[in-house]
$ cat start39.tsv   # TSV, C-alpha atoms
chain	number	residue	atom	x	y	z
S	202	MET	CA	0.00	0.00	0.00
S	203	THR	CA	1.46	3.30	-1.09
S	204	SER	CA	0.14	6.86	-1.21
S	205	THR	CA	-0.78	6.34	-4.88
S	206	VAL	CA	-2.81	3.15	-4.35
S	207	THR	CA	-4.41	3.13	-0.89
S	208	GLU	CA	-6.98	0.86	0.74
S	209	THR	CA	-9.66	3.43	-0.17
S	210	THR	CA	-8.57	3.33	-3.82
S	211	ILE	CA	-8.69	-0.48	-3.89
S	212	THR	CA	-12.13	-0.62	-2.20
S	213	THR	CA	-13.57	2.07	-4.50
S	214	ILE	CA	-12.22	0.58	-7.73
S	215	THR	CA	-13.18	-3.01	-6.93
S	216	SER	CA	-16.67	-2.21	-5.62
S	217	LEU	CA	-17.86	-0.18	-8.64
S	218	SER	CA	-18.36	-1.12	-12.30
S	219	TYR	CA	-16.23	0.64	-14.90
S	220	ASP	CA	-19.39	2.40	-16.15
S	221	ALA	CA	-19.95	3.85	-12.68
S	222	LEU	CA	-16.28	4.82	-12.30
S	223	SER	CA	-16.00	6.50	-15.70
S	224	THR	CA	-19.24	8.47	-15.27
S	225	THR	CA	-18.14	9.81	-11.87
S	226	PHE	CA	-14.34	9.99	-11.39
S	227	GLY	CA	-13.58	9.83	-15.13
S	228	LEU	CA	-16.13	12.52	-15.97
S	229	ILE	CA	-14.87	14.85	-13.21
S	230	ALA	CA	-11.28	14.42	-14.47
S	231	ILE	CA	-12.37	15.18	-18.06
S	232	ILE	CA	-14.22	18.32	-16.91
S	233	LEU	CA	-11.02	19.43	-15.12
S	234	LEU	CA	-8.97	18.67	-18.24
S	235	THR	CA	-11.37	20.70	-20.42
S	236	THR	CA	-11.24	23.63	-17.97
S	237	LEU	CA	-7.42	23.61	-17.90
S	238	ILE	CA	-7.19	23.43	-21.72
S	239	LEU	CA	-9.66	26.32	-21.97
S	240	GLN	CA	-7.61	28.33	-19.45
S	241	LYS	CA	-4.44	27.53	-21.43
S	242	GLU	CA	-5.96	28.74	-24.70
S	243	ILE	CA	-7.24	31.94	-23.06
S	244	MET	CA	-3.76	32.65	-21.67
S	245	ARG	CA	-2.17	31.87	-25.05
S	246	ALA	CA	-4.59	34.27	-26.78
S	247	ARG	CA	-3.96	37.05	-24.22
S	248	GLY	CA	-0.20	36.76	-24.70
S	249	GLY	CA	2.05	38.96	-22.56
S	250	ALA	CA	5.07	38.27	-20.41
S	251	ARG	CA	3.36	35.63	-18.28
S	252	ALA	CA	1.81	33.65	-21.15
S	253	ASN	CA	4.71	31.23	-21.56
S	254	LEU	CA	4.78	30.45	-17.85
S	255	TRP	CA	1.00	29.88	-17.80
S	256	LEU	CA	1.35	27.38	-20.67
S	257	LYS	CA	4.17	25.46	-18.99
S	258	THR	CA	2.40	25.46	-15.62
S	259	LEU	CA	-0.94	24.25	-16.95
S	260	ASP	CA	0.80	21.54	-19.03
S	261	THR	CA	2.01	19.98	-15.77
S	262	ALA	CA	-1.59	18.93	-15.10
S	263	ILE	CA	-2.92	18.78	-18.68
S	264	ILE	CA	-0.47	16.13	-19.93
S	265	PRO	CA	-1.16	13.59	-17.11
S	266	LEU	CA	-4.91	14.28	-17.44
S	267	LEU	CA	-4.72	13.57	-21.19
S	268	VAL	CA	-3.47	10.10	-20.22
S	269	VAL	CA	-6.56	9.74	-17.97
S	270	PHE	CA	-8.78	10.85	-20.87
S	271	GLY	CA	-7.14	8.34	-23.21
S	272	LEU	CA	-7.62	5.51	-20.72
S	273	VAL	CA	-11.29	6.40	-20.13
S	274	ILE	CA	-11.93	6.34	-23.90
S	275	ILE	CA	-10.04	3.05	-24.39
S	276	MET	CA	-11.89	1.36	-21.51
S	277	ARG	CA	-15.28	2.61	-22.75
S	278	LEU	CA	-14.47	1.14	-26.20
S	279	VAL	CA	-13.28	-2.15	-24.67
S	280	ASN	CA	-16.51	-2.36	-22.66
S	281	LEU	CA	-18.57	-1.74	-25.82
S	282	LEU	CA	-16.85	-4.50	-27.83
B	208	MET	CA	9.20	43.38	7.16
B	209	ILE	CA	11.08	40.06	6.95
B	210	PHE	CA	9.11	38.82	9.95
B	211	PHE	CA	5.81	39.71	8.20
B	212	LYS	CA	6.91	38.12	4.92
B	213	ASN	CA	7.84	34.86	6.64
B	214	ASN	CA	4.60	34.83	8.60
B	215	GLU	CA	2.58	35.36	5.42
B	216	ALA	CA	4.39	32.45	3.75
B	217	LYS	CA	3.84	30.23	6.80
B	218	ILE	CA	0.12	31.04	6.91
B	219	ILE	CA	-0.26	30.29	3.19
B	220	ALA	CA	1.72	27.03	3.47
B	221	LEU	CA	-0.27	25.86	6.51
B	222	THR	CA	-3.59	26.84	4.90
B	223	TYR	CA	-2.83	24.70	1.85
B	224	LEU	CA	-1.73	21.83	4.13
B	225	ALA	CA	-5.11	22.06	5.90
B	226	LEU	CA	-7.00	22.19	2.58
B	227	ILE	CA	-5.19	19.13	1.20
B	228	ALA	CA	-5.78	17.30	4.50
B	229	GLY	CA	-9.46	18.29	4.30
B	230	ALA	CA	-9.78	17.00	0.73
B	231	GLU	CA	-8.15	13.70	1.76
B	232	ALA	CA	-10.42	13.40	4.82
B	233	ILE	CA	-13.55	14.05	2.72
B	234	GLY	CA	-12.47	11.39	0.20
B	235	VAL	CA	-11.71	8.80	2.86
B	236	PHE	CA	-14.30	9.43	5.60
B	237	ILE	CA	-17.28	10.93	3.73
B	238	ALA	CA	-17.21	9.72	0.12
B	239	PRO	CA	-14.59	9.48	-2.64
B	240	VAL	CA	-16.47	11.66	-5.19
B	241	PRO	CA	-16.69	14.82	-3.00
B	242	GLY	CA	-13.04	14.23	-2.04
B	243	MET	CA	-12.10	14.05	-5.70
B	244	ILE	CA	-14.05	17.29	-6.38
B	245	ALA	CA	-12.13	19.01	-3.55
B	246	HIS	CA	-8.82	17.94	-5.12
B	247	VAL	CA	-10.07	19.01	-8.56
B	248	VAL	CA	-10.72	22.52	-7.17
B	249	LEU	CA	-7.34	22.69	-5.39
B	250	LEU	CA	-5.22	21.70	-8.40
B	251	PRO	CA	-5.90	24.73	-10.67
B	252	VAL	CA	-5.90	27.07	-7.64
B	253	LEU	CA	-2.36	25.96	-6.72
B	254	LEU	CA	-1.09	26.12	-10.31
B	255	SER	CA	-2.57	29.61	-10.77
B	256	HIS	CA	-1.10	30.73	-7.43
B	257	TYR	CA	2.35	29.71	-8.70
B	258	VAL	CA	2.07	31.91	-11.81
B	259	LEU	CA	0.46	34.87	-10.02
B	260	ALA	CA	2.93	34.90	-7.10
B	261	GLU	CA	5.88	35.80	-9.31
B	262	GLN	CA	7.37	38.18	-6.74
B	263	LYS	CA	7.48	35.48	-4.05
B	264	SER	CA	10.74	33.59	-3.68
B	265	TYR	CA	8.93	30.61	-2.13
B	266	ARG	CA	6.36	30.21	-4.93
B	267	ARG	CA	7.67	26.84	-6.17
B	268	LEU	CA	5.95	25.47	-3.07
B	269	PHE	CA	2.65	25.82	-4.97
B	270	VAL	CA	3.85	23.56	-7.79
B	271	ALA	CA	5.07	20.98	-5.26
B	272	LEU	CA	1.70	21.10	-3.47
B	273	ALA	CA	-0.23	20.90	-6.79
B	274	LEU	CA	1.29	17.46	-7.37
B	275	LEU	CA	-0.63	16.10	-4.36
B	276	PRO	CA	-4.18	16.76	-5.67
B	277	LEU	CA	-2.90	15.46	-9.04
B	278	LEU	CA	-1.63	12.29	-7.31
B	279	ARG	CA	-5.06	11.68	-5.76
B	280	ILE	CA	-6.99	12.45	-8.97
B	281	LEU	CA	-4.79	9.93	-10.82
B	282	SER	CA	-5.18	7.35	-8.06
B	283	TRP	CA	-8.99	7.46	-8.42
B	284	THR	CA	-9.12	7.55	-12.21
B	285	MET	CA	-6.26	5.41	-13.53
B	286	PRO	CA	-6.59	1.95	-11.87
B	287	VAL	CA	-8.53	-0.53	-14.00
B	288	LYS	CA	-10.28	-3.42	-12.26
B	289	GLN	CA	-9.60	-5.81	-15.16
B	290	LEU	CA	-5.81	-5.40	-14.78
B	291	PRO	CA	-3.67	-7.01	-12.03
B	292	GLY	CA	-3.01	-4.74	-9.04
B	293	LEU	CA	0.70	-4.38	-9.88
B	294	TYR	CA	-0.17	-2.45	-13.05
B	295	TRP	CA	-2.32	0.02	-11.10
B	296	TYR	CA	0.94	1.39	-9.71
B	297	THR	CA	2.21	1.83	-13.27
B	298	LEU	CA	-0.98	3.52	-14.47
B	299	VAL	CA	-0.91	6.02	-11.60
B	300	GLY	CA	2.87	6.38	-11.32
B	301	LEU	CA	3.80	7.05	-14.97
B	302	PRO	CA	1.65	10.18	-15.49
B	303	LEU	CA	2.65	11.40	-12.02
B	304	LEU	CA	6.37	10.96	-12.77
B	305	THR	CA	5.76	12.77	-16.08
B	306	ALA	CA	4.25	15.71	-14.16
B	307	VAL	CA	7.25	15.77	-11.78
B	308	ILE	CA	9.66	15.84	-14.76
B	309	LEU	CA	7.61	18.62	-16.41
B	310	THR	CA	8.13	20.84	-13.34
B	311	THR	CA	11.85	21.06	-14.17
B	312	ARG	CA	10.88	23.35	-17.11
B	313	PHE	CA	9.94	26.10	-14.64
B	314	PRO	CA	12.46	28.92	-14.13
B	315	ASP	CA	12.93	28.29	-10.40
B	316	ILE	CA	12.87	24.48	-10.45
B	317	SER	CA	15.74	22.23	-11.53
B	318	PRO	CA	17.09	18.79	-10.57
B	319	ALA	CA	19.26	20.62	-8.01
B	320	THR	CA	16.19	22.15	-6.30
B	321	MET	CA	14.73	18.63	-6.11
B	322	ASN	CA	17.76	17.36	-4.17
B	323	VAL	CA	18.83	15.27	-7.17
B	324	HIS	CA	22.56	15.25	-6.47
B	325	ALA	CA	25.15	12.51	-6.82
B	326	SER	CA	26.16	11.00	-3.50
B	327	PRO	CA	28.68	8.23	-2.74
B	328	TRP	CA	26.93	4.85	-2.30
B	329	GLN	CA	28.96	4.21	0.86
B	330	GLN	CA	27.22	7.21	2.40
B	331	GLN	CA	23.74	6.04	1.31
B	332	ILE	CA	23.99	2.28	1.95
B	333	GLY	CA	22.75	2.53	5.55
B	334	VAL	CA	19.57	4.41	4.68
B	335	ILE	CA	18.95	2.14	1.66
B	336	LEU	CA	19.11	-0.98	3.84
B	337	SER	CA	16.78	0.63	6.39
B	338	GLY	CA	14.04	0.17	3.75
B	339	ALA	CA	14.11	-3.59	4.41
B	340	GLY	CA	13.53	-3.17	8.16
B	341	LEU	CA	10.88	-0.51	7.63
B	342	SER	CA	9.06	-2.80	5.18
B	343	LEU	CA	8.68	-5.46	7.90
B	344	ALA	CA	7.21	-2.90	10.31
B	345	ALA	CA	4.87	-1.66	7.56
B	346	PHE	CA	3.78	-5.22	6.73
B	347	LEU	CA	3.08	-6.12	10.35
B	348	ILE	CA	0.78	-3.08	10.62
B	349	ALA	CA	-0.95	-3.12	7.21
B	350	ARG	CA	-0.94	-6.88	6.36
B	351	PRO	CA	-1.61	-6.37	2.61
B	352	GLN	CA	-2.36	-9.24	0.21
B	353	PRO	CA	0.52	-10.24	-2.14
B	354	LEU	CA	0.53	-8.00	-5.20
B	355	ILE	CA	1.77	-10.66	-7.63
B	356	ASN	CA	1.88	-14.40	-8.26
B	357	LEU	CA	5.14	-15.88	-7.04
B	358	ASN	CA	7.27	-16.08	-10.19
B	359	ALA	CA	10.53	-14.49	-11.35
B	360	VAL	CA	9.07	-12.38	-14.18
B	361	GLU	CA	6.36	-10.75	-12.04
B	362	MET	CA	8.84	-10.28	-9.18
B	363	ALA	CA	11.32	-8.49	-11.48
B	364	ALA	CA	8.59	-6.32	-13.05
B	365	GLY	CA	7.21	-5.53	-9.59
B	366	GLU	CA	10.62	-4.47	-8.28
B	367	ILE	CA	11.21	-2.09	-11.20
B	368	ILE	CA	7.70	-0.61	-10.98
B	369	LEU	CA	7.83	-0.11	-7.21
B	370	ILE	CA	11.33	1.43	-7.19
B	371	LEU	CA	10.74	3.84	-10.10
B	372	LEU	CA	7.05	4.66	-9.86
B	373	THR	CA	6.52	4.67	-6.11
B	374	GLY	CA	9.93	5.04	-4.39
B	375	LEU	CA	11.58	7.49	-6.77
B	376	THR	CA	8.41	9.39	-7.75
B	377	GLU	CA	7.19	9.92	-4.17
B	378	GLU	CA	10.68	10.92	-2.97
B	379	LEU	CA	11.02	13.42	-5.84
B	380	ILE	CA	7.75	15.01	-4.69
B	381	PHE	CA	8.06	14.89	-0.88
B	382	ARG	CA	11.80	14.99	-0.15
B	383	GLY	CA	12.76	16.62	-3.44
B	384	LEU	CA	10.46	19.44	-4.57
B	385	LEU	CA	8.40	19.92	-1.40
B	386	LEU	CA	11.14	19.71	1.25
B	387	ASN	CA	13.37	22.05	-0.73
B	388	ALA	CA	10.54	24.54	-1.40
B	389	VAL	CA	9.43	24.84	2.26
B	390	GLU	CA	12.96	25.08	3.66
B	391	GLU	CA	12.98	28.82	3.01
B	392	ILE	CA	9.71	29.21	4.94
B	393	PHE	CA	10.09	26.82	7.89
B	394	GLY	CA	13.85	26.18	8.11
B	395	SER	CA	14.41	22.95	10.03
B	396	GLY	CA	10.61	22.69	10.45
B	397	SER	CA	10.43	21.91	6.72
B	398	ILE	CA	10.98	18.22	7.53
B	399	LEU	CA	7.91	18.27	9.79
B	400	TYR	CA	5.81	19.99	7.11
B	401	SER	CA	6.75	17.56	4.31
B	402	SER	CA	6.34	14.56	6.65
B	403	ALA	CA	2.89	15.76	7.74
B	404	LEU	CA	1.78	15.95	4.10
B	405	PHE	CA	3.40	12.56	3.39
B	406	ALA	CA	1.43	11.02	6.28
B	407	ILE	CA	-1.80	12.78	5.21
B	408	MET	CA	-1.57	11.13	1.78
B	409	TYR	CA	-1.66	7.74	3.59
B	410	VAL	CA	-4.92	8.42	5.45
B	411	GLY	CA	-6.60	6.30	2.76
B	412	SER	CA	-4.82	3.26	4.23
B	413	LEU	CA	-7.53	3.41	6.95
B	414	SER	CA	-4.95	2.47	9.60
B	415	LEU	CA	-3.81	5.01	12.20
B	416	GLY	CA	-0.73	2.89	12.95
B	417	TYR	CA	0.25	2.88	9.27
B	418	VAL	CA	-0.26	6.65	8.93
B	419	LEU	CA	1.91	7.25	12.02
B	420	LEU	CA	4.59	4.88	10.70
B	421	MET	CA	4.62	6.72	7.37
B	422	GLY	CA	4.90	10.04	9.24
B	423	ALA	CA	7.95	8.66	11.07
B	424	VAL	CA	9.39	7.32	7.79
B	425	GLY	CA	8.88	10.80	6.30
B	426	LEU	CA	10.75	12.40	9.22
B	427	PHE	CA	13.62	9.90	8.91
B	428	PHE	CA	13.96	10.23	5.12
B	429	GLY	CA	13.59	14.03	5.39
B	430	TRP	CA	16.34	14.23	8.02
B	431	TRP	CA	18.58	12.04	5.88
B	432	VAL	CA	17.99	13.99	2.65
B	433	ARG	CA	18.66	17.30	4.44
B	434	ARG	CA	21.85	15.89	5.91
B	435	THR	CA	23.24	14.48	2.64
B	436	GLY	CA	21.52	16.79	0.13
B	437	SER	CA	20.60	13.79	-2.04
B	438	ILE	CA	17.34	11.84	-2.45
B	439	TRP	CA	18.92	8.71	-4.00
B	440	GLY	CA	19.31	6.78	-0.76
B	441	ALA	CA	15.81	7.65	0.42
B	442	ALA	CA	14.31	6.81	-3.00
B	443	LEU	CA	15.90	3.34	-3.01
B	444	ALA	CA	14.95	2.78	0.64
B	445	HIS	CA	11.36	3.82	-0.17
B	446	GLY	CA	11.35	1.41	-3.12
B	447	LEU	CA	12.71	-1.40	-0.91
B	448	LEU	CA	10.06	-0.61	1.71
B	449	ASN	CA	7.30	-1.07	-0.88
B	450	ILE	CA	8.94	-4.20	-2.38
B	451	GLY	CA	9.12	-5.82	1.06
B	452	LEU	CA	5.59	-4.72	1.95
B	453	LEU	CA	3.86	-5.84	-1.26
B	454	LEU	CA	6.10	-8.48	-2.87
B	455	VAL	CA	8.16	-10.25	-0.19
B	456	TRP	CA	6.67	-10.29	3.32
B	457	PRO	CA	3.15	-11.35	2.20
B	458	PHE	CA	4.69	-14.63	0.91
B	459	ILE	CA	6.92	-15.21	3.94
B	460	LEU	CA	4.64	-14.13	6.80
B	461	GLY	CA	1.20	-13.62	5.27
B	462	LEU	CA	0.21	-17.00	3.82

$ encode --input "start39.tsv" --output "structure tokens"
Amino acid sequence: MTSTVTETTITTITSLSYDALSTTFGLIAIILLTTLILQKEIMRARGGARANLWLKTLDTAIIPLLVVFGLVIIMRLVNLL
Amino acid sequence: MIFFKNNEAKIIALTYLALIAGAEAIGVFIAPVPGMIAHVVLLPVLLSHYVLAEQKSYRRLFVALALLPLLRILSWTMPVKQLPGLYWYTLVGLPLLTAVILTTRFPDISPATMNVHASPWQQQIGVILSGAGLSLAAFLIARPQPLINLNAVEMAAGEIILILLTGLTEELIFRGLLLNAVEEIFGSGSILYSSALFAIMYVGSLSLGYVLLMGAVGLFFGWWVRRTGSIWGAALAHGLLNIGLLLVWPFILGL
């Protein structure tokens, strides 16, 4: 048991179906990803001295969340097939 | 003026610690979804605070703290029930390690500010071996099920995954970025701050004994990293702790 996979994680993941997980946790993560991408594009459009730092900073969360998005899509497809 | 500046930084740092602890407590003791929402709110707030606090010398603390809500969001979204438990650590750990590496692109963050320094192995061997003893204590408290089937391939894969994606990644966050960032604010109290957050992230283990042990492990690793200026020994010890806990002791003492 580590801080990344705790007892609560194991209980939650094993007690719910993937449909339930992707429409709660997955959906919340995708909403966050969309918000961060939107914020990034607004900052890019505004330009200015801080724009480059905003892009780098937001990428720190956007790139890992894109992996979450990819996994949610793959698992939804696997469940459909 | 310096007194006021330091107090302001301490209040901000302690407020975020309380907010992260609150989000963890909601996720563990109330329900995971509201806990996840709390982390989802905290993540962009911390990232925005980093950019907006450009005059503050301690602002890299906000990036270090932002990795904790990200860690929890990944830990609730990435594991897949159909895959063996060992690969859950890969699914959560890889994007998290990617985020840690991405932070080195910031102007005030570099491998040096994450305590990534070379250090003679003779100096680190003691702390590395302590991971084996700590893993036995952790196993006796948590008693987890074995993570793998007992064969050489899964054992080798498990060792690599646990050293790189739990030991190294968590040490880069807690004893690398975070410890270094709060040192300017709390001085020697920085070890206490990073250990408190380390223990808070283990509340989901649902074992007070385990949380306290992890707090003590955080203090020990923090003290060691501050003394030697290098996270390598602590990262390997942390990896060994997890290998013993999840791959070795369950087969020797748990069956």

$ closest_residue --input "start39.tsv" --among "B:Ser282, B:Asn449, B:Ser437, B:Ser337" --to "S:Ile211" --atoms "all atoms listed in the file"
B:Ser282

$ residues_around --input "start39.tsv" --residues "stretch 244-255 of chain S" --least-positions-apart "3" --cutoff "9 Å" --atoms "all atoms listed in the file" --output "ChimeraX atom specification"
/S:239-241,258-260 /B:254-255,258-259,313-314

$ atom_distance --input "start39.tsv" --atom1 "atom CA of B:Tyr400" --atom2 "atom CA of B:Ile370"
24.1 Å

$ residues_around --input "start39.tsv" --residues "S:Leu237" --least-positions-apart "3" --cutoff "12 Å" --atoms "all atoms listed in the file" --output "PyMOL selection string"
(chain S and resi 230-234+240-244+255-267) or (chain B and resi 247-248+250-252+254-255)

$ closest_atom_pairs --input "start39.tsv" --of "chain S" --to "chain B" --cutoff "6 Å" --atoms "only C-alpha atoms" --output "tab-separated table"
residue	atom	partner	partner_atom	distance
S:Ser204	CA	B:Tyr409	CA	5.2
S:Thr205	CA	B:Ser282	CA	5.5
S:Thr207	CA	B:Ser412	CA	5.1
S:Glu208	CA	B:Ser412	CA	4.8
S:Thr209	CA	B:Gly411	CA	5.1
S:Phe226	CA	B:Thr284	CA	5.8
S:Gly227	CA	B:Thr284	CA	5.8
S:Thr261	CA	B:Ala306	CA	5.1
S:Pro265	CA	B:Pro302	CA	4.7

$ write_last_selection --input "start39.tsv" --atoms "C-alpha atoms" --output "JSON list (two decimals), keeping the file's coordinate frame"
[["chain", "number", "residue", "atom", "x", "y", "z"],
["S", 204, "SER", "CA", 0.14, 6.86, -1.21],
["S", 205, "THR", "CA", -0.78, 6.34, -4.88],
["S", 207, "THR", "CA", -4.41, 3.13, -0.89],
["S", 208, "GLU", "CA", -6.98, 0.86, 0.74],
["S", 209, "THR", "CA", -9.66, 3.43, -0.17],
["S", 226, "PHE", "CA", -14.34, 9.99, -11.39],
["S", 227, "GLY", "CA", -13.58, 9.83, -15.13],
["S", 261, "THR", "CA", 2.01, 19.98, -15.77],
["S", 265, "PRO", "CA", -1.16, 13.59, -17.11]]

$ closest_residue --input "start39.tsv" --among "S:Thr215, S:Val268, S:Asp220, S:Asn280" --to "B:Pro291" --atoms "all atoms listed in the file"
S:Thr215

$ residues_around --input "start39.tsv" --residues "stretch 319-335 of chain B" --least-positions-apart "4" --cutoff "6 Å" --atoms "all atoms listed in the file" --output "list of chain:residue names"
B:Gly383, B:Leu384, B:Gly436, B:Ser437, B:Ile438, B:Gly440, B:Leu443, B:Ala444

$ atom_distance --input "start39.tsv" --atom1 "atom CA of B:Ala339" --atom2 "atom CA of B:Gly461"
16.4 Å

$ closest_residue --input "start39.tsv" --among "B:Leu419, B:Ile355, B:Ile450, B:Leu336" --to "B:Leu404" --atoms "only C-alpha atoms"
B:Leu419

$ decode --input "start39.tsv" --residues "stretch 321-341 of chain B" --atoms "N, CA, C and O atoms" --output "compact mmCIF listing (two decimals), in the first residue's frame"
# COMPACT_ATOMS: atom_id res chain seq x y z
N MET B 321 15.48 19.82 -6.52
CA MET B 321 14.73 18.63 -6.11
C MET B 321 15.64 17.66 -5.35
O MET B 321 15.33 16.49 -5.20
N ASN B 322 16.78 18.17 -4.89
CA ASN B 322 17.76 17.36 -4.17
C ASN B 322 18.26 16.17 -4.98
O ASN B 322 18.58 15.11 -4.42
N VAL B 323 18.28 16.32 -6.31
CA VAL B 323 18.83 15.27 -7.17
C VAL B 323 20.32 15.58 -7.35
O VAL B 323 20.72 16.30 -8.26
N HIS B 324 21.11 15.07 -6.43
CA HIS B 324 22.56 15.25 -6.47
C HIS B 324 23.21 13.87 -6.38
O HIS B 324 22.67 12.97 -5.74
N ALA B 325 24.39 13.75 -6.99
CA ALA B 325 25.15 12.51 -6.82
C ALA B 325 25.63 12.42 -5.37
O ALA B 325 25.88 13.44 -4.73
N SER B 326 25.71 11.20 -4.88
CA SER B 326 26.16 11.00 -3.50
C SER B 326 26.84 9.64 -3.43
O SER B 326 26.34 8.68 -4.03
N PRO B 327 27.99 9.52 -2.77
CA PRO B 327 28.68 8.23 -2.74
C PRO B 327 27.80 7.13 -2.15
O PRO B 327 27.11 7.38 -1.15
N TRP B 328 27.81 5.93 -2.77
CA TRP B 328 26.93 4.85 -2.30
C TRP B 328 27.26 4.43 -0.88
O TRP B 328 26.38 4.01 -0.13
N GLN B 329 28.57 4.59 -0.51
CA GLN B 329 28.96 4.21 0.86
C GLN B 329 28.21 5.05 1.89
O GLN B 329 27.89 4.59 2.97
N GLN B 330 27.93 6.31 1.50
CA GLN B 330 27.22 7.21 2.40
C GLN B 330 25.73 6.83 2.49
O GLN B 330 25.09 7.02 3.53
N GLN B 331 25.19 6.28 1.39
CA GLN B 331 23.74 6.04 1.31
C GLN B 331 23.34 4.61 1.70
O GLN B 331 22.16 4.34 1.90
N ILE B 332 24.33 3.70 1.79
CA ILE B 332 23.99 2.28 1.95
C ILE B 332 23.16 2.02 3.22
O ILE B 332 22.23 1.22 3.22
N GLY B 333 23.47 2.73 4.29
CA GLY B 333 22.75 2.53 5.55
C GLY B 333 21.28 2.85 5.42
O GLY B 333 20.41 2.06 5.81
N VAL B 334 20.98 4.01 4.82
CA VAL B 334 19.57 4.41 4.68
C VAL B 334 18.86 3.50 3.68
O VAL B 334 17.68 3.16 3.86
N ILE B 335 19.58 3.05 2.65
CA ILE B 335 18.95 2.14 1.66
C ILE B 335 18.52 0.84 2.36
O ILE B 335 17.39 0.39 2.22
N LEU B 336 19.42 0.28 3.16
CA LEU B 336 19.11 -0.98 3.84
C LEU B 336 18.00 -0.80 4.89
O LEU B 336 17.30 -1.76 5.21
N SER B 337 17.85 0.41 5.40
CA SER B 337 16.78 0.63 6.39
C SER B 337 15.41 0.35 5.78
O SER B 337 14.45 0.02 6.49
N GLY B 338 15.31 0.45 4.42
CA GLY B 338 14.04 0.17 3.75
C GLY B 338 13.55 -1.24 4.03
O GLY B 338 12.34 -1.47 4.16
N ALA B 339 14.50 -2.20 4.15
CA ALA B 339 14.11 -3.59 4.41
C ALA B 339 13.47 -3.72 5.78
O ALA B 339 12.42 -4.35 5.95
N GLY B 340 14.08 -3.12 6.80
CA GLY B 340 13.53 -3.17 8.16
C GLY B 340 12.20 -2.44 8.24
O GLY B 340 11.24 -2.94 8.86
N LEU B 341 12.13 -1.28 7.60
CA LEU B 341 10.88 -0.51 7.63
C LEU B 341 9.74 -1.27 6.95
O LEU B 341 8.59 -1.17 7.35
